[in-house]
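One structure is given below, encoded as structure tokens.
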Number of protein chains: 2
Amino acid sequence: MPVLISPSLDEARKELVVGLEARKLVVMVASCSVEYSGRTGSHLGEGERLVIVKGDGCILVHRGHDYQPVNWQPSGCIIQAHANDGTLVLKAVRPSPLESLTLVVKEIQFLGSFVLQDAAEFILHASEEEMQRAIILQPDMIEPGFKILDFEKKVPPGFVDVYGVDRDGNIVVIEIKKDPAGFPVIKQLLEYLKYLQAPPGRKLRPMIVAPSIAKGSQSTLAKSGIEFKQLTLQKAVEILQKYARSDQQALKSWL
Amino acid sequence: MPVLISPSLDEARKELVVGLEARKLVVMVASCSVEYSGRTGSHLGEGERLVIVKGDGCILVHRGHDYQPVNWQPSGCIIQAHANDGTLVLKAVRPSPLESLTLVVKEIQFLGSFVLQDAAEFILHASEEEMQRAIILQPDMIEPGFKILDFEKKVPPGFVDVYGVDRDGNIVVIEIKKDPAGFPVIKQLLEYLKYLQAPPGRKLRPMIVAPSIAKGSQSTLAKSGIEFKQLTLQKAVEILQKYARSDQQALKSWL
DNA sequence: CGTGCCAGGTGCCAT
DNA sequence: ATGGCACTTGGCACG
């Protein structure tokens, strides 16, 4: 866990190269300027920033504020460091799309390289997928007698989240949103409907399943003939937990 | 620029509190577990991570790989650090939407706090806006005789990027894309057309201005009656530079 | 405030 | 590679 305080540029370069070689995490606080060129381009004059280079070849340049990095390059880049005219030049090239990020480092306050022991699994609760799984596990939470025919059903403009039939044989077309459903969802669902039809004598019942409807879309929804069924993430998670044991089996039966 | 190597949790807590107080950038490499709860929720077991706390009240938890943080909280959070049962507990609460991120820190490899001197301006070249400005500054780059009537012209479904007239008095409706233009752009433009009409005896000329057309949309475009004019960001930037001096005046004349 | 829209969005998975 | 889409998307502009 080498840590350098106010190293010379050459000391820093050596440690950086060694760290990159070993695929370690390198953290640096340094005065630098940054150029980006690729899908678009950007320029950032000299100033002190936090620079992070990870073992998988991604790089982040953070300023003293803001959640987002001011410049970056995602994983899979080729990263080089070389001395040039009294500066340390860091280059991160992304092959596709071809993009390049260049840092010209003038002075380094701090440079450390770390190996992070981290085998833990990251679990994210609740998402659209979890809501979908809750519906699949317990279809009658939509309404009594509802049966599922398919999910992620392909139609030309995209995929129908859940596709099923009500107790009277009408086709129910469900679009799920984890956030309050707005105008775009209505459009999306209506688009899908163009490519679907109910059996003779039966209806198509488009339905949005979401925690709520966006305020401004209330009336549009009413006019559109689309039904709304409330489902919060909270409730979806409860259903999943209830079915936790049979969960995998129920999903498998669909594969 | 205090830097602590393998500090005790209490030493770290003190430095952290002082750093937060002074709105400094605090960087920490530590073994911790992370819980998030808010719009959804997540759990991450114990492991070594890079933790960044910025002066504006945002926090990032990075693992040894990936461009994205595994957990985070955007700017504007209330961040607290307190000792608890032999651990250091870091809490970041976001007021709206109400969300909370909790780190339980067991051991710290490194903690440093920094003041970043950084007054530079960040300049991002190119975006749809820059392409639009290039067209406004030099309309005949679209074609000789082209004149601009309006931009960001409101129509019910959204805004027309550039609205103008050709040398024959036909109305040109331009939709700009900085990326290869695909299916959605065509649909969007056709949608706008419904709410526009040309003067008697003149035509409506829908036109997409973009660096290229997405592969699969080539034929759809041909059938749609929409014209395509190539404009790369590169060229847009060149035009802007050429007109750099008169830039502001030209734009003002439209306001 | 909520709602809509853009982003160097990123990431995941499909054909 | 390209397309379609979710994301704790974040961010900004606007009613």
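Within each chain, counting starts at residue 1; across the structure tokens, chains are named A, B, ... in the order shown, with ligands numbered 1 upward in that order.
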Q: Write out as a list in words the residues lying within 9 Å of DT2 in chain D, counting only C-alpha atoms (C1' of nucleotides) and excluding same-chain residues fewer than 2 positions away.
A: Ala214, Lys215 and Gly216 of chain B; DT15 of chain C
Q: First superpose chain B onto chain A using a least-squares fit over all Cα atoms taken in order; then report the RMSD in Å.
A: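 Result of the CA superposition: 0.9 Å.
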Q) Near chain A, which residues of chain C fall within 10 Å when you count only C-alpha atoms (C1' of nucleotides), and what do they look like as an MDAnalysis selection string? A) chainID C and resid 2:4 8 10
Using only C-alpha atoms, I'd like a table of the residues in chain B that come within 8 Å of chain A; for each, show the closest atom pair and its distance in Å rounded to one decimal, ordered by chain and ascending number, as a tab-separated table.
residue	atom	partner	partner_atom	distance
B:Lys24	CA	A:Gly64	CA	7.7
B:Leu25	CA	A:Gly64	CA	6.1
B:Thr40	CA	A:Ala126	CA	5.8
B:Gly41	CA	A:His125	CA	5.1
B:Ser42	CA	A:Leu124	CA	4.3
B:His43	CA	A:Ile123	CA	5.2
B:Leu44	CA	A:Phe122	CA	4.8
B:Gly45	CA	A:Ala120	CA	5.1
B:Glu46	CA	A:Ala120	CA	6.2
B:Gly47	CA	A:Asp118	CA	4.3
B:Glu48	CA	A:Leu116	CA	5.0
B:Arg49	CA	A:Leu116	CA	6.3
B:Lys54	CA	A:His65	CA	5.8
B:Gly55	CA	A:His65	CA	6.2
B:Asp56	CA	A:His65	CA	5.6
B:Cys58	CA	A:Tyr67	CA	5.9
B:Ile59	CA	A:Tyr67	CA	7.3
B:Leu60	CA	A:Tyr67	CA	7.5
B:Arg63	CA	A:Leu116	CA	7.5
B:Gly64	CA	A:Leu116	CA	5.8
B:His65	CA	A:Asp56	CA	5.6
B:Asp66	CA	A:Ser75	CA	6.0
B:Tyr67	CA	A:Pro74	CA	5.2
B:Val70	CA	A:Phe122	CA	7.9
B:Gln73	CA	A:Tyr67	CA	7.6
B:Pro74	CA	A:Tyr67	CA	5.2
B:Ser75	CA	A:Tyr67	CA	6.0
B:Val115	CA	A:Gly64	CA	7.6
B:Leu116	CA	A:Glu48	CA	5.0
B:Gln117	CA	A:Glu48	CA	5.3
B:Asp118	CA	A:Gly47	CA	4.2
B:Ala119	CA	A:Gly47	CA	6.6
B:Ala120	CA	A:Gly45	CA	5.1
B:Glu121	CA	A:Leu44	CA	6.2
B:Phe122	CA	A:Leu44	CA	4.8
B:Ile123	CA	A:His43	CA	5.2
B:Leu124	CA	A:Ser42	CA	4.3
B:His125	CA	A:Gly41	CA	5.1
B:Ala126	CA	A:Thr40	CA	5.7
B:Ser127	CA	A:Thr40	CA	7.3
B:Leu233	CA	A:Thr40	CA	7.0
Q) At what distance in Å, to one decimal, does CA of Val61 in chain B lie from CA of Val89 in chain B? A) 14.0 Å
Q: Enumerate, as a list in words, the complete set of residues in range 83-221 of chain B that a backbone-based DSSP assignment places in alpha helix (DSSP H).
A: Glu128, Glu129, Glu130, Met131, Gln132, Arg133, Ala134, Ile135, Ile136, Leu137, Phe183, Pro184, Val185, Ile186, Lys187, Gln188, Leu189, Leu190, Glu191, Tyr192, Leu193, Gln218, Ser219, Thr220 and Leu221 of chain B
Q. Neighbours of Val185 in chain B within 10 Å (only C-alpha atoms (C1' of nucleotides); same-chain residues fewer than 5 positions away dropped), as a PyMOL selection string?
A. chain B and resi 175-177+180+190-191+208+217+221
Given the selection you just returned, output its residues as a file containing all heavy atoms, formatted as an mmCIF file, in the first residue's frame.
data_model
loop_
_atom_site.group_PDB
_atom_site.id
_atom_site.type_symbol
_atom_site.label_atom_id
_atom_site.label_comp_id
_atom_site.auth_asym_id
_atom_site.auth_seq_id
_atom_site.Cartn_x
_atom_site.Cartn_y
_atom_site.Cartn_z
ATOM 1 N N GLU B 175 -34.557 18.753 -37.785
ATOM 2 C CA GLU B 175 -34.314 18.100 -36.509
ATOM 3 C C GLU B 175 -32.832 17.735 -36.456
ATOM 4 O O GLU B 175 -32.308 17.069 -37.344
ATOM 5 C CB GLU B 175 -35.185 16.844 -36.369
ATOM 6 C CG GLU B 175 -35.002 16.062 -35.079
ATOM 7 C CD GLU B 175 -35.396 16.862 -33.828
ATOM 8 O OE1 GLU B 175 -36.273 17.728 -33.945
ATOM 9 O OE2 GLU B 175 -34.799 16.614 -32.766
ATOM 10 N N ILE B 176 -32.158 18.171 -35.389
ATOM 11 C CA ILE B 176 -30.720 17.954 -35.268
ATOM 12 C C ILE B 176 -30.430 16.792 -34.331
ATOM 13 O O ILE B 176 -31.061 16.649 -33.289
ATOM 14 C CB ILE B 176 -30.033 19.222 -34.710
ATOM 15 C CG1 ILE B 176 -30.326 20.427 -35.604
ATOM 16 C CG2 ILE B 176 -28.533 19.009 -34.574
ATOM 17 C CD1 ILE B 176 -29.891 21.753 -34.982
ATOM 18 N N LYS B 177 -29.489 15.954 -34.719
ATOM 19 C CA LYS B 177 -29.006 14.906 -33.818
ATOM 20 C C LYS B 177 -27.486 14.906 -33.855
ATOM 21 O O LYS B 177 -26.896 14.991 -34.915
ATOM 22 C CB LYS B 177 -29.518 13.539 -34.247
ATOM 23 C CG LYS B 177 -30.929 13.241 -33.805
ATOM 24 C CD LYS B 177 -31.035 13.073 -32.301
ATOM 25 C CE LYS B 177 -32.347 13.647 -31.799
ATOM 26 N NZ LYS B 177 -32.388 13.749 -30.340
ATOM 27 N N PRO B 180 -25.572 9.340 -34.683
ATOM 28 C CA PRO B 180 -26.218 8.766 -35.870
ATOM 29 C C PRO B 180 -27.728 8.714 -35.668
ATOM 30 O O PRO B 180 -28.204 8.215 -34.648
ATOM 31 C CB PRO B 180 -25.605 7.362 -35.956
ATOM 32 C CG PRO B 180 -24.253 7.507 -35.331
ATOM 33 C CD PRO B 180 -24.428 8.533 -34.238
ATOM 34 N N LEU B 190 -41.670 13.391 -37.988
ATOM 35 C CA LEU B 190 -42.972 13.207 -38.633
ATOM 36 C C LEU B 190 -44.094 13.694 -37.720
ATOM 37 O O LEU B 190 -45.085 14.266 -38.174
ATOM 38 C CB LEU B 190 -43.178 11.727 -38.996
ATOM 39 C CG LEU B 190 -42.256 11.188 -40.103
ATOM 40 C CD1 LEU B 190 -42.480 9.707 -40.328
ATOM 41 C CD2 LEU B 190 -42.474 11.976 -41.402
ATOM 42 N N GLU B 191 -43.910 13.484 -36.434
ATOM 43 C CA GLU B 191 -44.887 13.934 -35.441
ATOM 44 C C GLU B 191 -45.028 15.461 -35.491
ATOM 45 O O GLU B 191 -46.129 15.995 -35.528
ATOM 46 C CB GLU B 191 -44.418 13.480 -34.048
ATOM 47 C CG GLU B 191 -45.497 13.442 -32.996
ATOM 48 C CD GLU B 191 -46.616 12.475 -33.341
ATOM 49 O OE1 GLU B 191 -46.362 11.451 -34.043
ATOM 50 O OE2 GLU B 191 -47.748 12.755 -32.941
ATOM 51 N N ILE B 208 -33.366 15.944 -41.581
ATOM 52 C CA ILE B 208 -32.566 15.549 -40.419
ATOM 53 C C ILE B 208 -31.133 16.001 -40.633
ATOM 54 O O ILE B 208 -30.547 15.741 -41.687
ATOM 55 C CB ILE B 208 -32.618 14.025 -40.196
ATOM 56 C CG1 ILE B 208 -33.998 13.617 -39.659
ATOM 57 C CG2 ILE B 208 -31.526 13.569 -39.224
ATOM 58 C CD1 ILE B 208 -34.211 12.128 -39.581
ATOM 59 N N SER B 217 -31.921 2.365 -40.281
ATOM 60 C CA SER B 217 -32.948 3.370 -40.546
ATOM 61 C C SER B 217 -32.838 3.957 -41.950
ATOM 62 O O SER B 217 -33.663 4.775 -42.355
ATOM 63 C CB SER B 217 -32.850 4.499 -39.515
ATOM 64 O OG SER B 217 -32.875 3.969 -38.216
ATOM 65 N N LEU B 221 -35.908 5.963 -43.779
ATOM 66 C CA LEU B 221 -35.726 7.379 -44.076
ATOM 67 C C LEU B 221 -36.101 7.669 -45.523
ATOM 68 O O LEU B 221 -36.825 8.614 -45.819
ATOM 69 C CB LEU B 221 -34.274 7.788 -43.826
ATOM 70 C CG LEU B 221 -34.005 9.269 -44.012
ATOM 71 C CD1 LEU B 221 -34.516 10.054 -42.815
ATOM 72 C CD2 LEU B 221 -32.521 9.543 -44.208
#
Q.
Taking only C-alpha atoms (C1' of nucleotides) into account, find every residue of chain D that has an atom no more than 10 Å from chain A, and write it out as an MDAnalysis selection string.
A. chainID D and resid 3:8 10:11
What does the file look like for those residues with N, CA, C and O atoms (P, O5', C5', C4', C3', O3' and C1' of nucleotides), as a PDB file, in the first residue's frame?
ATOM      1  P    DG D   3     -29.095   0.746 -35.067  1.00  0.00           P
ATOM      2  O5'  DG D   3     -30.039  -0.074 -34.081  1.00  0.00           O
ATOM      3  C5'  DG D   3     -30.717  -1.233 -34.565  1.00  0.00           C
ATOM      4  C4'  DG D   3     -31.689  -1.731 -33.521  1.00  0.00           C
ATOM      5  C3'  DG D   3     -32.515  -0.647 -32.833  1.00  0.00           C
ATOM      6  O3'  DG D   3     -33.829  -1.148 -32.594  1.00  0.00           O
ATOM      7  C1'  DG D   3     -31.245  -1.817 -31.217  1.00  0.00           C
ATOM      8  P    DG D   4     -35.034  -0.129 -32.298  1.00  0.00           P
ATOM      9  O5'  DG D   4     -35.515  -0.479 -30.823  1.00  0.00           O
ATOM     10  C5'  DG D   4     -35.894  -1.811 -30.481  1.00  0.00           C
ATOM     11  C4'  DG D   4     -35.771  -1.995 -28.995  1.00  0.00           C
ATOM     12  C3'  DG D   4     -36.395  -0.866 -28.161  1.00  0.00           C
ATOM     13  O3'  DG D   4     -37.343  -1.425 -27.270  1.00  0.00           O
ATOM     14  C1'  DG D   4     -34.219  -1.401 -27.391  1.00  0.00           C
ATOM     15  P    DC D   5     -38.228  -0.438 -26.403  1.00  0.00           P
ATOM     16  O5'  DC D   5     -37.513  -0.419 -24.983  1.00  0.00           O
ATOM     17  C5'  DC D   5     -37.210  -1.648 -24.333  1.00  0.00           C
ATOM     18  C4'  DC D   5     -36.414  -1.383 -23.062  1.00  0.00           C
ATOM     19  C3'  DC D   5     -36.827  -0.121 -22.272  1.00  0.00           C
ATOM     20  O3'  DC D   5     -36.882  -0.453 -20.896  1.00  0.00           O
ATOM     21  C1'  DC D   5     -34.539  -0.156 -22.551  1.00  0.00           C
ATOM     22  P    DA D   6     -37.787   0.379 -19.916  1.00  0.00           P
ATOM     23  O5'  DA D   6     -37.095   0.034 -18.518  1.00  0.00           O
ATOM     24  C5'  DA D   6     -36.686  -1.304 -18.237  1.00  0.00           C
ATOM     25  C4'  DA D   6     -35.503  -1.292 -17.282  1.00  0.00           C
ATOM     26  C3'  DA D   6     -35.646  -0.327 -16.115  1.00  0.00           C
ATOM     27  O3'  DA D   6     -35.056  -0.883 -14.957  1.00  0.00           O
ATOM     28  C1'  DA D   6     -33.769   0.275 -17.398  1.00  0.00           C
ATOM     29  P    DC D   7     -35.206  -0.213 -13.594  1.00  0.00           P
ATOM     30  O5'  DC D   7     -33.861   0.625 -13.445  1.00  0.00           O
ATOM     31  C5'  DC D   7     -32.596  -0.018 -13.561  1.00  0.00           C
ATOM     32  C4'  DC D   7     -31.494   0.969 -13.202  1.00  0.00           C
ATOM     33  C3'  DC D   7     -31.879   2.000 -12.138  1.00  0.00           C
ATOM     34  O3'  DC D   7     -30.756   2.239 -11.296  1.00  0.00           O
ATOM     35  C1'  DC D   7     -31.189   3.127 -14.075  1.00  0.00           C
ATOM     36  P    DT D   8     -30.338   1.383 -10.031  1.00  0.00           P
ATOM     37  O5'  DT D   8     -31.682   1.541  -9.240  1.00  0.00           O
ATOM     38  C5'  DT D   8     -31.708   1.962  -7.962  1.00  0.00           C
ATOM     39  C4'  DT D   8     -32.413   3.269  -7.722  1.00  0.00           C
ATOM     40  C3'  DT D   8     -32.125   4.423  -8.701  1.00  0.00           C
ATOM     41  O3'  DT D   8     -33.195   5.373  -8.681  1.00  0.00           O
ATOM     42  C1'  DT D   8     -31.060   4.865  -6.659  1.00  0.00           C
ATOM     43  P    DG D  10     -29.736   9.705  -9.275  1.00  0.00           P
ATOM     44  O5'  DG D  10     -28.793  10.873  -9.792  1.00  0.00           O
ATOM     45  C5'  DG D  10     -27.447  10.574 -10.085  1.00  0.00           C
ATOM     46  C4'  DG D  10     -26.895  11.645 -10.996  1.00  0.00           C
ATOM     47  C3'  DG D  10     -27.175  13.071 -10.520  1.00  0.00           C
ATOM     48  O3'  DG D  10     -26.039  13.897 -10.791  1.00  0.00           O
ATOM     49  C1'  DG D  10     -28.188  12.742 -12.639  1.00  0.00           C
ATOM     50  P    DG D  11     -25.978  15.341 -10.225  1.00  0.00           P
ATOM     51  O5'  DG D  11     -26.587  16.216 -11.409  1.00  0.00           O
ATOM     52  C5'  DG D  11     -25.791  16.572 -12.522  1.00  0.00           C
ATOM     53  C4'  DG D  11     -26.627  17.332 -13.534  1.00  0.00           C
ATOM     54  C3'  DG D  11     -27.333  18.562 -12.969  1.00  0.00           C
ATOM     55  O3'  DG D  11     -26.576  19.729 -13.314  1.00  0.00           O
ATOM     56  C1'  DG D  11     -28.783  17.235 -14.368  1.00  0.00           C
TER      57       DG D  11
END
Q | Test item, strand (DSSP E) assignment across range 57-180 of chain B, answer as a ChimeraX atom specification | A | /B:59-62,71-73,78-84,87-94,99-114,122-125,147-155,158-165,171-176
Q.
I'd like the contact shell of Ala92 in chain A - 8 Å cut-off, only C-alpha atoms (C1' of nucleotides), skipping same-chain residues fewer than 3 positions apart - returned as a PyMOL selection string.
A. chain A and resi 58-59+73+77-80+100-102
Q: Between CA of Leu240 in chain A and CA of Val155 in chain A, measure the distance and give it in Å to one decimal.
A: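 Separation between CA of Leu240 in chain A and CA of Val155 in chain A: 27.8 Å.
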Write out as a compact mmCIF listing (two decimals) with N, CA, C and O atoms, in the first residue's frame each polymer residue whose atoms come within 8 Å of Leu231 in chain A, counting only C-alpha atoms (C1' of nucleotides); drop sequence neighbours fewer than 5 positions from it.
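Dumped to selection-v7.txt:
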# COMPACT_ATOMS: atom_id res chain seq x y z
N MET A 131 -40.77 -6.09 -9.84
CA MET A 131 -42.22 -5.93 -9.98
C MET A 131 -42.76 -6.97 -10.96
O MET A 131 -43.81 -7.58 -10.73
N VAL A 209 -48.95 -0.78 -14.93
CA VAL A 209 -48.74 -1.14 -13.53
C VAL A 209 -47.58 -0.29 -13.02
O VAL A 209 -46.47 -0.36 -13.55
N ALA A 210 -47.86 0.53 -12.02
CA ALA A 210 -46.85 1.47 -11.51
C ALA A 210 -47.27 1.92 -10.12
O ALA A 210 -48.40 1.68 -9.71
N PRO A 211 -46.35 2.56 -9.39
CA PRO A 211 -46.73 3.03 -8.06
C PRO A 211 -47.78 4.14 -8.12
O PRO A 211 -48.58 4.29 -7.22
N SER A 212 -47.75 4.92 -9.20
CA SER A 212 -48.72 6.02 -9.34
C SER A 212 -48.69 6.54 -10.77
O SER A 212 -47.86 6.14 -11.58
N ALA A 236 -44.35 -5.24 -4.08
CA ALA A 236 -43.71 -6.24 -4.93
C ALA A 236 -42.70 -7.05 -4.12
O ALA A 236 -42.65 -8.29 -4.22
Give me, as a short mmCIF file (atom, residue, chain, number, x, y, z; two decimals) with C-alpha atoms (C1' of nucleotides), in the first residue's frame, all polymer residues having an atom no more than 12 Å from DC12 in chain D, counting only C-alpha atoms (C1' of nucleotides) and skipping those fewer than 4 positions away in the same chain.
data_model
loop_
_atom_site.label_atom_id
_atom_site.label_comp_id
_atom_site.auth_asym_id
_atom_site.auth_seq_id
_atom_site.Cartn_x
_atom_site.Cartn_y
_atom_site.Cartn_z
"C1'" DG C 4 -40.20 16.63 -19.15
"C1'" DC C 5 -35.91 16.12 -21.68
"C1'" DC C 6 -30.81 15.54 -22.55
"C1'" DA C 7 -26.40 13.10 -21.50
#
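In this structure, CA of Leu90 in chain A sits 28.3 Å away from CA of Glu130 in chain B.
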Q | All residues 9 Å or closer to Gly169 in chain A, only C-alpha atoms (C1' of nucleotides), same chain fewer than 3 positions away omitted, as a list of chain:residue names | A | A:Val165, A:Asp166, A:Ala198, A:Pro199, A:Arg202, A:Lys203
